[in-house]
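Colleague: Take a look at structure-v4.txt, compact mmCIF, C-alpha atoms and all ligand atoms:
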# COMPACT_ATOMS: atom_id res chain seq x y z
CA MET A 1 8.35 -8.01 -69.23
CA SER A 2 5.51 -6.27 -67.46
CA LYS A 3 5.82 -3.45 -64.96
CA LEU A 4 4.89 -3.97 -61.35
CA ILE A 5 2.20 -1.72 -59.91
CA ASP A 6 3.41 -1.21 -56.36
CA GLY A 7 0.39 -0.91 -54.09
CA LYS A 8 2.48 -0.50 -50.94
CA ALA A 9 4.27 2.54 -52.35
CA ALA A 10 1.04 4.02 -53.70
CA ALA A 11 -0.72 3.49 -50.35
CA GLN A 12 2.15 5.12 -48.47
CA SER A 13 1.95 8.06 -50.84
CA VAL A 14 -1.81 8.43 -50.20
CA ILE A 15 -1.19 8.26 -46.43
CA GLU A 16 1.40 11.06 -46.68
CA GLN A 17 -1.16 13.19 -48.56
CA VAL A 18 -3.82 12.40 -45.95
CA LYS A 19 -1.43 13.50 -43.20
CA SER A 20 -0.71 16.77 -44.94
CA ALA A 21 -4.44 17.39 -45.62
CA THR A 22 -5.09 16.66 -41.94
CA GLY A 23 -2.45 19.23 -41.00
CA VAL A 24 -4.03 21.87 -43.26
CA LEU A 25 -7.51 21.12 -41.89
CA GLN A 26 -6.35 21.39 -38.30
CA HIS A 27 -4.43 24.59 -38.98
CA GLU A 28 -7.32 26.30 -40.79
CA THR A 29 -10.31 25.09 -38.74
CA GLY A 30 -9.01 23.37 -35.59
CA THR A 31 -10.81 20.19 -36.70
CA VAL A 32 -9.19 16.78 -36.16
CA PRO A 33 -10.67 14.06 -38.41
CA GLY A 34 -12.43 11.40 -36.33
CA ILE A 35 -13.18 7.80 -37.22
CA ALA A 36 -15.27 5.27 -35.31
CA VAL A 37 -14.75 1.60 -36.11
CA VAL A 38 -17.43 -0.82 -34.93
CA ILE A 39 -16.88 -4.57 -34.70
CA VAL A 40 -19.40 -7.16 -33.55
CA GLY A 41 -18.18 -10.58 -32.39
CA GLU A 42 -14.86 -12.38 -32.34
CA ASP A 43 -14.05 -13.17 -35.99
CA PRO A 44 -10.21 -13.29 -35.96
CA ALA A 45 -9.74 -11.91 -39.50
CA SER A 46 -12.11 -9.00 -38.72
CA LYS A 47 -10.18 -8.27 -35.52
CA VAL A 48 -6.92 -8.07 -37.49
CA TYR A 49 -8.47 -5.71 -40.09
CA VAL A 50 -10.01 -3.48 -37.42
CA ALA A 51 -6.75 -3.27 -35.46
CA SER A 52 -4.83 -2.19 -38.56
CA LYS A 53 -7.49 0.41 -39.44
CA SER A 54 -7.36 1.87 -35.93
CA ARG A 55 -3.54 1.86 -35.99
CA MET A 56 -3.41 3.65 -39.34
CA ALA A 57 -6.00 6.22 -38.16
CA LYS A 58 -3.75 7.08 -35.21
CA GLU A 59 -0.72 7.33 -37.53
CA CYS A 60 -2.65 9.83 -39.65
CA GLY A 61 -3.30 11.95 -36.55
CA PHE A 62 -7.02 11.16 -36.40
CA HIS A 63 -9.26 10.95 -33.37
CA SER A 64 -9.92 7.21 -33.44
CA VAL A 65 -12.43 5.22 -31.41
CA GLN A 66 -13.18 1.53 -31.58
CA HIS A 67 -16.41 -0.08 -30.36
CA ASP A 68 -16.19 -3.81 -29.68
CA LEU A 69 -19.66 -5.33 -29.33
CA SER A 70 -20.29 -8.90 -28.21
CA THR A 71 -21.64 -11.49 -30.67
CA GLU A 72 -24.91 -11.48 -28.69
CA SER A 73 -25.51 -7.76 -29.36
CA SER A 74 -28.85 -7.12 -31.01
CA GLU A 75 -29.64 -5.13 -34.15
CA VAL A 76 -31.22 -2.50 -31.90
CA ASP A 77 -27.98 -2.22 -29.85
CA LEU A 78 -26.05 -1.60 -33.05
CA LEU A 79 -28.59 0.86 -34.46
CA THR A 80 -28.50 2.76 -31.17
CA LEU A 81 -24.70 3.00 -31.31
CA ILE A 82 -24.81 4.21 -34.92
CA GLY A 83 -27.36 6.86 -33.92
CA ILE A 84 -24.97 8.10 -31.23
CA LEU A 85 -22.00 8.15 -33.65
CA ASN A 86 -24.09 9.91 -36.33
CA ALA A 87 -24.75 12.70 -33.81
CA ASP A 88 -21.19 12.93 -32.44
CA PRO A 89 -19.42 15.97 -33.97
CA ARG A 90 -15.96 14.46 -33.22
CA VAL A 91 -16.74 11.50 -35.49
CA HIS A 92 -16.56 12.20 -39.24
CA GLY A 93 -16.36 8.63 -40.49
CA ILE A 94 -18.15 5.48 -39.30
CA LEU A 95 -17.02 2.03 -40.36
CA VAL A 96 -18.94 -1.12 -39.44
CA GLN A 97 -16.69 -4.13 -40.00
CA LEU A 98 -18.33 -6.88 -42.07
CA PRO A 99 -19.42 -9.62 -41.84
CA LEU A 100 -21.94 -9.09 -39.03
CA PRO A 101 -23.41 -12.06 -37.12
CA PRO A 102 -26.30 -13.69 -39.05
CA HIS A 103 -29.03 -12.42 -36.68
CA ILE A 104 -28.19 -8.83 -37.68
CA ASP A 105 -29.42 -7.41 -41.01
CA SER A 106 -26.21 -5.89 -42.47
CA GLY A 107 -28.15 -3.87 -45.05
CA ARG A 108 -30.29 -2.17 -42.41
CA ILE A 109 -27.20 -1.35 -40.33
CA LEU A 110 -25.19 0.09 -43.24
CA GLN A 111 -28.13 2.22 -44.41
CA ALA A 112 -28.46 3.69 -40.88
CA ILE A 113 -25.06 5.41 -41.21
CA ALA A 114 -25.38 9.10 -42.05
CA PRO A 115 -24.31 9.44 -45.74
CA GLU A 116 -21.90 12.24 -44.85
CA LYS A 117 -20.12 9.85 -42.42
CA ASP A 118 -20.38 6.78 -44.70
CA VAL A 119 -16.65 6.44 -45.44
CA ASP A 120 -17.18 2.93 -46.86
CA GLY A 121 -19.52 4.36 -49.49
CA PHE A 122 -22.27 1.77 -49.00
CA THR A 123 -25.32 3.98 -48.33
CA PHE A 124 -27.80 4.47 -51.16
CA VAL A 125 -26.94 8.18 -51.29
CA ASN A 126 -23.27 7.49 -52.00
CA VAL A 127 -24.01 4.57 -54.35
CA GLY A 128 -26.40 6.87 -56.24
CA LYS A 129 -23.88 9.68 -56.44
CA LEU A 130 -21.28 7.32 -57.87
CA GLY A 131 -23.78 5.88 -60.35
CA THR A 132 -24.76 9.34 -61.59
CA GLY A 133 -21.19 10.63 -61.80
CA GLU A 134 -21.38 12.97 -58.76
CA ILE A 135 -18.05 11.58 -57.66
CA ALA A 136 -16.48 14.71 -56.16
CA SER A 137 -18.97 14.81 -53.29
CA ALA A 138 -19.47 11.03 -53.02
CA PHE A 139 -17.74 8.61 -50.70
CA VAL A 140 -16.51 5.90 -53.06
CA PRO A 141 -15.95 2.37 -51.63
CA CYS A 142 -12.33 2.10 -50.56
CA THR A 143 -11.09 -0.88 -52.62
CA PRO A 144 -12.47 0.43 -55.96
CA ALA A 145 -11.17 3.92 -55.18
CA GLY A 146 -7.74 2.40 -54.51
CA CYS A 147 -7.85 0.45 -57.79
CA MET A 148 -8.44 3.68 -59.69
CA ILE A 149 -5.38 5.31 -58.13
CA LEU A 150 -3.25 2.34 -59.16
CA LEU A 151 -4.70 2.51 -62.68
CA GLU A 152 -4.08 6.24 -62.82
CA GLY A 153 -0.38 5.58 -62.13
CA ALA A 154 -0.26 3.12 -65.04
CA ARG A 155 -2.62 4.66 -67.65
CA GLY A 156 -3.37 8.22 -66.49
CA ARG A 157 -6.68 9.69 -65.37
CA ASP A 158 -8.40 9.80 -68.75
CA LEU A 159 -9.14 6.32 -70.10
CA SER A 160 -10.85 7.52 -73.30
CA GLY A 161 -10.67 4.96 -76.09
CA LEU A 162 -9.59 2.14 -73.78
CA SER A 163 -11.58 -1.02 -73.32
CA ALA A 164 -11.98 -2.17 -69.69
CA VAL A 165 -13.29 -5.51 -68.49
CA VAL A 166 -14.36 -5.99 -64.87
CA LEU A 167 -14.66 -9.60 -63.72
CA GLY A 168 -17.19 -9.61 -60.86
CA ARG A 169 -20.33 -7.59 -60.17
CA SER A 170 -20.47 -7.31 -56.38
CA ASN A 171 -21.80 -4.13 -54.80
CA ILE A 172 -18.56 -3.71 -52.85
CA VAL A 173 -16.06 -4.14 -55.68
CA GLY A 174 -17.24 -4.97 -59.22
CA LYS A 175 -20.10 -2.49 -59.69
CA PRO A 176 -18.37 0.55 -58.15
CA ILE A 177 -15.20 -0.13 -60.18
CA ALA A 178 -17.30 -0.34 -63.35
CA ASN A 179 -18.86 3.05 -62.53
CA LEU A 180 -15.47 4.62 -61.82
CA LEU A 181 -14.06 3.29 -65.10
CA LEU A 182 -17.07 4.70 -66.97
CA ALA A 183 -16.57 8.06 -65.27
CA ALA A 184 -12.93 7.94 -66.48
CA HIS A 185 -14.32 7.44 -70.06
CA ALA A 186 -13.30 3.78 -70.52
CA THR A 187 -15.60 1.49 -72.51
CA VAL A 188 -16.66 -0.98 -69.85
CA THR A 189 -17.78 -4.63 -69.91
CA VAL A 190 -18.83 -6.29 -66.65
CA ALA A 191 -18.55 -10.09 -66.63
CA HIS A 192 -19.77 -12.52 -63.96
CA SER A 193 -20.55 -16.15 -63.28
CA ARG A 194 -23.21 -16.30 -66.02
CA THR A 195 -20.94 -14.80 -68.70
CA LYS A 196 -19.96 -17.04 -71.60
CA ASP A 197 -16.37 -17.33 -72.84
CA LEU A 198 -14.67 -15.16 -70.25
CA ALA A 199 -11.26 -15.76 -71.80
CA ALA A 200 -12.27 -14.18 -75.12
CA ILE A 201 -13.85 -11.19 -73.36
CA CYS A 202 -10.73 -10.67 -71.26
CA ARG A 203 -8.46 -10.87 -74.32
CA ALA A 204 -10.11 -7.72 -75.69
CA ALA A 205 -9.36 -5.69 -72.55
CA ASP A 206 -6.79 -2.90 -72.40
CA ILE A 207 -7.61 -2.80 -68.68
CA LEU A 208 -8.60 -5.95 -66.83
CA VAL A 209 -9.88 -5.82 -63.25
CA ALA A 210 -10.35 -9.22 -61.62
CA ALA A 211 -12.62 -9.38 -58.54
CA VAL A 212 -14.11 -12.86 -58.48
CA GLY A 213 -12.60 -14.57 -55.44
CA ARG A 214 -11.38 -17.57 -57.51
CA PRO A 215 -7.66 -18.36 -57.01
CA GLU A 216 -5.63 -17.73 -60.18
CA MET A 217 -8.68 -18.13 -62.44
CA VAL A 218 -7.37 -15.62 -64.99
CA ARG A 219 -4.63 -17.30 -67.02
CA GLY A 220 -1.76 -15.73 -68.93
CA ASP A 221 -3.33 -16.33 -72.34
CA TRP A 222 -6.46 -14.40 -71.25
CA ILE A 223 -4.42 -11.20 -71.19
CA LYS A 224 -4.17 -8.87 -74.18
CA PRO A 225 -0.47 -8.09 -74.75
CA GLY A 226 0.35 -4.82 -73.01
CA ALA A 227 -2.86 -4.71 -70.94
CA THR A 228 -2.99 -3.26 -67.44
CA VAL A 229 -4.12 -5.90 -64.94
CA ILE A 230 -5.56 -5.03 -61.53
CA ASP A 231 -6.00 -8.10 -59.34
CA VAL A 232 -8.40 -7.46 -56.46
CA GLY A 233 -8.65 -11.10 -55.37
CA ILE A 234 -7.39 -12.27 -52.00
CA ASN A 235 -7.51 -16.06 -51.78
CA ARG A 236 -5.83 -18.26 -49.20
CA VAL A 237 -4.66 -21.54 -50.72
CA SER A 238 -2.71 -24.45 -49.29
CA ALA A 239 1.07 -24.29 -49.84
CA PRO A 240 2.54 -27.72 -49.11
CA ASP A 241 5.90 -26.52 -50.51
CA LYS A 242 6.15 -24.24 -47.42
CA GLY A 243 5.49 -27.13 -45.05
CA GLN A 244 2.58 -29.24 -43.87
CA GLY A 245 -0.60 -27.24 -43.26
CA LYS A 246 0.96 -24.00 -44.55
CA THR A 247 -0.95 -21.57 -46.76
CA ARG A 248 -0.26 -18.60 -49.00
CA ILE A 249 -2.31 -15.73 -50.42
CA VAL A 250 -2.87 -15.59 -54.18
CA GLY A 251 -4.98 -13.34 -56.36
CA ASP A 252 -7.62 -14.07 -58.98
CA VAL A 253 -4.93 -13.81 -61.67
CA ALA A 254 -2.15 -16.37 -62.28
CA TYR A 255 0.53 -13.74 -61.69
CA ALA A 256 3.61 -15.49 -63.14
CA GLU A 257 1.82 -16.29 -66.42
CA ALA A 258 -0.04 -13.00 -66.66
CA SER A 259 3.06 -10.89 -66.10
CA GLU A 260 4.50 -12.40 -69.31
CA TRP A 261 1.71 -10.69 -71.26
CA ALA A 262 0.58 -7.67 -69.27
CA GLY A 263 2.06 -4.21 -69.70
CA ALA A 264 1.61 -3.56 -65.97
CA ILE A 265 0.16 -5.72 -63.21
CA THR A 266 -0.58 -5.59 -59.48
CA PRO A 267 0.95 -8.35 -57.34
CA VAL A 268 -0.95 -10.19 -54.59
CA PRO A 269 -0.14 -9.45 -51.85
CA GLY A 270 1.22 -5.91 -52.14
CA GLY A 271 -1.10 -4.57 -54.86
CA VAL A 272 -4.70 -3.55 -54.24
CA GLY A 273 -4.73 -4.76 -50.61
CA PRO A 274 -2.71 -1.92 -49.03
CA MET A 275 -4.78 0.68 -50.93
CA THR A 276 -8.01 -0.22 -49.13
CA ILE A 277 -6.98 1.09 -45.70
CA ALA A 278 -5.25 4.11 -47.26
CA MET A 279 -8.46 5.07 -49.06
CA LEU A 280 -10.45 4.65 -45.83
CA MET A 281 -8.15 7.24 -44.29
CA ALA A 282 -8.56 9.49 -47.34
CA ASN A 283 -12.36 9.20 -47.16
CA THR A 284 -12.34 10.05 -43.45
CA ALA A 285 -10.14 13.11 -44.00
CA LYS A 286 -12.48 14.13 -46.86
CA ALA A 287 -15.54 13.75 -44.57
CA ALA A 288 -13.91 15.99 -41.96
CA TRP A 289 -12.92 18.48 -44.66
CA ILE A 290 -16.49 18.72 -45.99
CA ALA A 291 -17.96 18.90 -42.45
CA SER A 292 -15.65 21.85 -41.73
CA GLY A 293 -16.97 23.77 -44.73
CA LEU A 294 -13.72 23.78 -46.73
CA GLU A 295 -13.74 23.52 -50.54
CA ILE A 296 -13.67 19.89 -51.68
CA ALA A 297 -11.69 20.87 -54.79
CA ASP A 298 -8.82 21.95 -52.51
CA PHE A 299 -8.88 18.56 -50.80
CA ASP A 300 -8.76 16.77 -54.15
CA THR A 301 -5.79 18.90 -55.19
CA LEU A 302 -3.93 17.98 -52.00
CA LEU A 303 -4.64 14.30 -52.56
CA CYS A 304 -3.57 14.29 -56.22
CA ASP A 305 0.02 15.24 -55.48
CA ARG A 306 1.39 11.70 -55.52
CA GLY A 307 4.53 10.12 -56.89
CA PRO A 308 4.54 7.34 -59.52
CA CYS A 309 3.65 3.82 -58.34
CA VAL A 310 4.70 1.80 -61.41
CA THR A 311 8.16 0.21 -61.52
CA PRO A 312 9.79 -2.46 -63.73
CA SER A 313 9.09 -5.86 -62.17
P1 LIG A 401 -18.22 -11.57 -54.21
O1 LIG A 401 -18.20 -13.02 -53.88
O2 LIG A 401 -19.21 -10.69 -53.55
O3 LIG A 401 -18.42 -11.41 -55.80
C1 LIG A 401 -17.72 -12.22 -56.69
C2 LIG A 401 -18.13 -11.89 -58.10
O4 LIG A 401 -17.39 -12.75 -58.97
C3 LIG A 401 -19.62 -12.15 -58.39
O5 LIG A 401 -20.14 -11.12 -59.17
C4 LIG A 401 -19.62 -13.48 -59.14
O6 LIG A 401 -20.63 -13.57 -60.13
C5 LIG A 401 -18.29 -13.42 -59.85
N1 LIG A 401 -17.77 -14.77 -60.07
C6 LIG A 401 -17.59 -15.76 -59.18
N2 LIG A 401 -17.12 -16.87 -59.77
C7 LIG A 401 -16.99 -16.57 -61.08
C8 LIG A 401 -16.55 -17.30 -62.21
N3 LIG A 401 -16.12 -18.57 -62.11
N4 LIG A 401 -16.56 -16.68 -63.40
C9 LIG A 401 -16.98 -15.41 -63.52
N5 LIG A 401 -17.40 -14.65 -62.47
C10 LIG A 401 -17.40 -15.24 -61.28
O7 LIG A 401 -16.74 -11.08 -53.97
P2 LIG A 401 -16.17 -9.59 -53.72
O8 LIG A 401 -16.51 -8.73 -54.89
O9 LIG A 401 -16.51 -9.12 -52.37
O10 LIG A 401 -14.60 -9.90 -53.71
C11 LIG A 401 -13.94 -10.40 -54.86
C12 LIG A 401 -12.51 -10.72 -54.48
O11 LIG A 401 -11.86 -9.54 -54.06
C13 LIG A 401 -12.36 -11.71 -53.33
O12 LIG A 401 -11.20 -12.51 -53.54
C14 LIG A 401 -12.13 -10.82 -52.13
O13 LIG A 401 -11.40 -11.47 -51.10
C15 LIG A 401 -11.34 -9.71 -52.76
N6 LIG A 401 -11.43 -8.44 -52.05
C16 LIG A 401 -10.26 -7.77 -51.84
C17 LIG A 401 -10.26 -6.57 -51.21
C18 LIG A 401 -8.96 -5.87 -51.02
O14 LIG A 401 -8.83 -5.05 -50.14
N7 LIG A 401 -7.96 -6.13 -51.87
C19 LIG A 401 -11.48 -5.96 -50.69
C20 LIG A 401 -12.68 -6.69 -51.06
C21 LIG A 401 -12.63 -7.89 -51.70
P3 LIG A 401 -22.20 -13.62 -59.77
O15 LIG A 401 -22.58 -12.22 -59.40
O16 LIG A 401 -22.83 -14.07 -61.03
O17 LIG A 401 -22.34 -14.58 -58.63
Show the structure stored in the file as structure tokens.
Ligand code: NDP
Modeller:
Amino acid sequence: MSKLIDGKAAAQSVIEQVKSATGVLQHETGTVPGIAVVIVGEDPASKVYVASKSRMAKECGFHSVQHDLSTESSEVDLLTLIGILNADPRVHGILVQLPLPPHIDSGRILQAIAPEKDVDGFTFVNVGKLGTGEIASAFVPCTPAGCMILLEGARGRDLSGLSAVVLGRSNIVGKPIANLLLAAHATVTVAHSRTKDLAAICRAADILVAAVGRPEMVRGDWIKPGATVIDVGINRVSAPDKGQGKTRIVGDVAYAEASEWAGAITPVPGGVGPMTIAMLMANTAKAAWIASGLEIADFDTLLCDRGPCVTPS
């Protein structure tokens, strides 16, 4: 039977470390980490995400501001706001909630964020740092960073000699995870929609990260016995067994089957999902820490003091 990688417990542990780092920062420099969350339009899912980010920021003791712009706002309006936030010393992290309305060029907006306030890790400076292994000073995208903490709980920090397969090559998830796995010394294969015989490739993986957005695509017999499986997927599917019109969330991995083979596996929900907001808080605290001139190594030490997140399922 596989072990369950408990993302809720791991996320709570990260939040506790963020709170204590925030306390140290405030005590030593008087600085309170500040985050600005920007949302454009009325997308209900985005509103829910933004509300939970703002709520968590307050729980961490951050200065938190939210800017709600109307769907009709122009690219120039948004660029102007980002310019103001870039210059505001109380704001250490800026998050622009995606997706943006189609008349706004998301790439141009994300690249306008000052790299030292880019807590989502999407600017070219932070992408470049991650790609070249300058991870200590980089802001790493939150979901991949969270995946690595879950993996660390299951396999340790050094993945030397282990084979890792990442399903998906998006800029937000697949590519940054591949870079993080490489930096942890795993031997990495990145597969995508043009890859042949995915099942065979997956069967060779000691570590399998699924980020394709295809409900339960990865079957039990794709899993190498004893492998660690990180399921990033969040897919809403219909659930007639719960009643007419009802839905449920499933991952990219067929959990019940896969847990028969895997050594450890993340559930969906309750696996990678909770880590994303926790890592946003960690990145914001890190941005404030660096802006205050404190040693980044001390911040990393504070954040490493976490309990185990792997339990028998
Ligand atoms: P994208 O749609 O941007 O990328 C999907 C990737 O999967 C692409 O590289 C695509 O290949 C590949 N892919 C799609 N279909 C197949 C297939 N049949 N076989 C092999 N590869 C395939 O998605 P994201 O990376 O943004 O997200 C992936 C999943 O993770 C989604 O379910 C999303 O909801 C979830 N997610 C979860 C988060 C969390 O907090 N837990 C945060 C972000 C995302 P190609 O490049 O060739 O098109």
Colleague: Taking into account all atoms listed in the file, which residue in the set A:Val237, A:Ala51, A:Leu25, A:Met56 is nearest to ligand LIG 401 (chain A)?
Modeller: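 The answer is A:Val237, which sits nearest to ligand LIG 401 (chain A).
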Colleague: Box along x, y and z, 8 Å on every side, all listed atoms of ligand LIG 401 (chain A) inside: centre and edge lengths in Å to one decimal, as JSON.
Modeller:
{"center_x": -15.4, "center_y": -11.8, "center_z": -56.8, "size_x": 30.9, "size_y": 29.5, "size_z": 29.4}
Colleague: Tell me, in Å to one decimal, how far CA of Ile172 (chain A) is from atom C4 of ligand LIG 401 (chain A).
Modeller: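 Spanning CA of Ile172 (chain A) to atom C4 of ligand LIG 401 (chain A) is a straight-line distance of 11.7 Å.
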Colleague: Return the single residue from A:Leu130, A:Ala21, A:Val190, A:Leu162 that is closest to Cys60 (chain A), with distances computed using only C-alpha atoms.
Modeller: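 Smallest distance to Cys60 (chain A) is found for A:Ala21.
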Colleague: Within 6 Å of ligand LIG 401 (chain A) (counting all atoms listed in the file), which residues show up? I'd like them as a PDB file with C-alpha atoms, in the frame of the given file.
Modeller:
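Writing done, so here's selection_37.pdb:
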ATOM      1  CA  THR A 143     -11.090  -0.880 -52.620  1.00  0.00           C
ATOM      2  CA  LEU A 167     -14.660  -9.600 -63.720  1.00  0.00           C
ATOM      3  CA  GLY A 168     -17.190  -9.610 -60.860  1.00  0.00           C
ATOM      4  CA  ARG A 169     -20.330  -7.590 -60.170  1.00  0.00           C
ATOM      5  CA  SER A 170     -20.470  -7.310 -56.380  1.00  0.00           C
ATOM      6  CA  ILE A 172     -18.560  -3.710 -52.850  1.00  0.00           C
ATOM      7  CA  VAL A 173     -16.060  -4.140 -55.680  1.00  0.00           C
ATOM      8  CA  GLY A 174     -17.240  -4.970 -59.220  1.00  0.00           C
ATOM      9  CA  HIS A 192     -19.770 -12.520 -63.960  1.00  0.00           C
ATOM     10  CA  SER A 193     -20.550 -16.150 -63.280  1.00  0.00           C
ATOM     11  CA  ARG A 194     -23.210 -16.300 -66.020  1.00  0.00           C
ATOM     12  CA  ALA A 211     -12.620  -9.380 -58.540  1.00  0.00           C
ATOM     13  CA  VAL A 212     -14.110 -12.860 -58.480  1.00  0.00           C
ATOM     14  CA  GLY A 213     -12.600 -14.570 -55.440  1.00  0.00           C
ATOM     15  CA  VAL A 232      -8.400  -7.460 -56.460  1.00  0.00           C
ATOM     16  CA  GLY A 233      -8.650 -11.100 -55.370  1.00  0.00           C
ATOM     17  CA  ILE A 234      -7.390 -12.270 -52.000  1.00  0.00           C
ATOM     18  CA  ASN A 235      -7.510 -16.060 -51.780  1.00  0.00           C
ATOM     19  CA  VAL A 272      -4.700  -3.550 -54.240  1.00  0.00           C
ATOM     20  CA  GLY A 273      -4.730  -4.760 -50.610  1.00  0.00           C
ATOM     21  CA  THR A 276      -8.010  -0.220 -49.130  1.00  0.00           C
TER      22      THR A 276
END
Colleague: Can you pull out the residues contacting region 64-80 of chain A? Cut-off 8 Å, using all atoms listed in the file, and skip same-chain residues under 4 positions away; I want them as a VMD selection string.
Modeller: chain A and resid 34 to 42 54 57 to 58 84 101 103 to 105 109 112
Colleague: Enter the distance from CA of Arg155 (chain A) to CA of Val140 (chain A), in Å, rounded to one decimal.
Modeller: 20.2 Å
Colleague: Each residue of region 48-92 of chain A with at least one atom at most 10 Å from region 117-121 of chain A should appear once, together with its nearest atom pair and the corresponding distance in Å (one decimal); atoms considered: only C-alpha atoms; ordering: chain, then increasing residue number; output as a tab-separated table.
Modeller:
residue	atom	partner	partner_atom	distance
A:Leu85	CA	A:Lys117	CA	9.1
A:Asn86	CA	A:Lys117	CA	7.3
A:Val91	CA	A:Lys117	CA	7.9
A:His92	CA	A:Lys117	CA	5.3
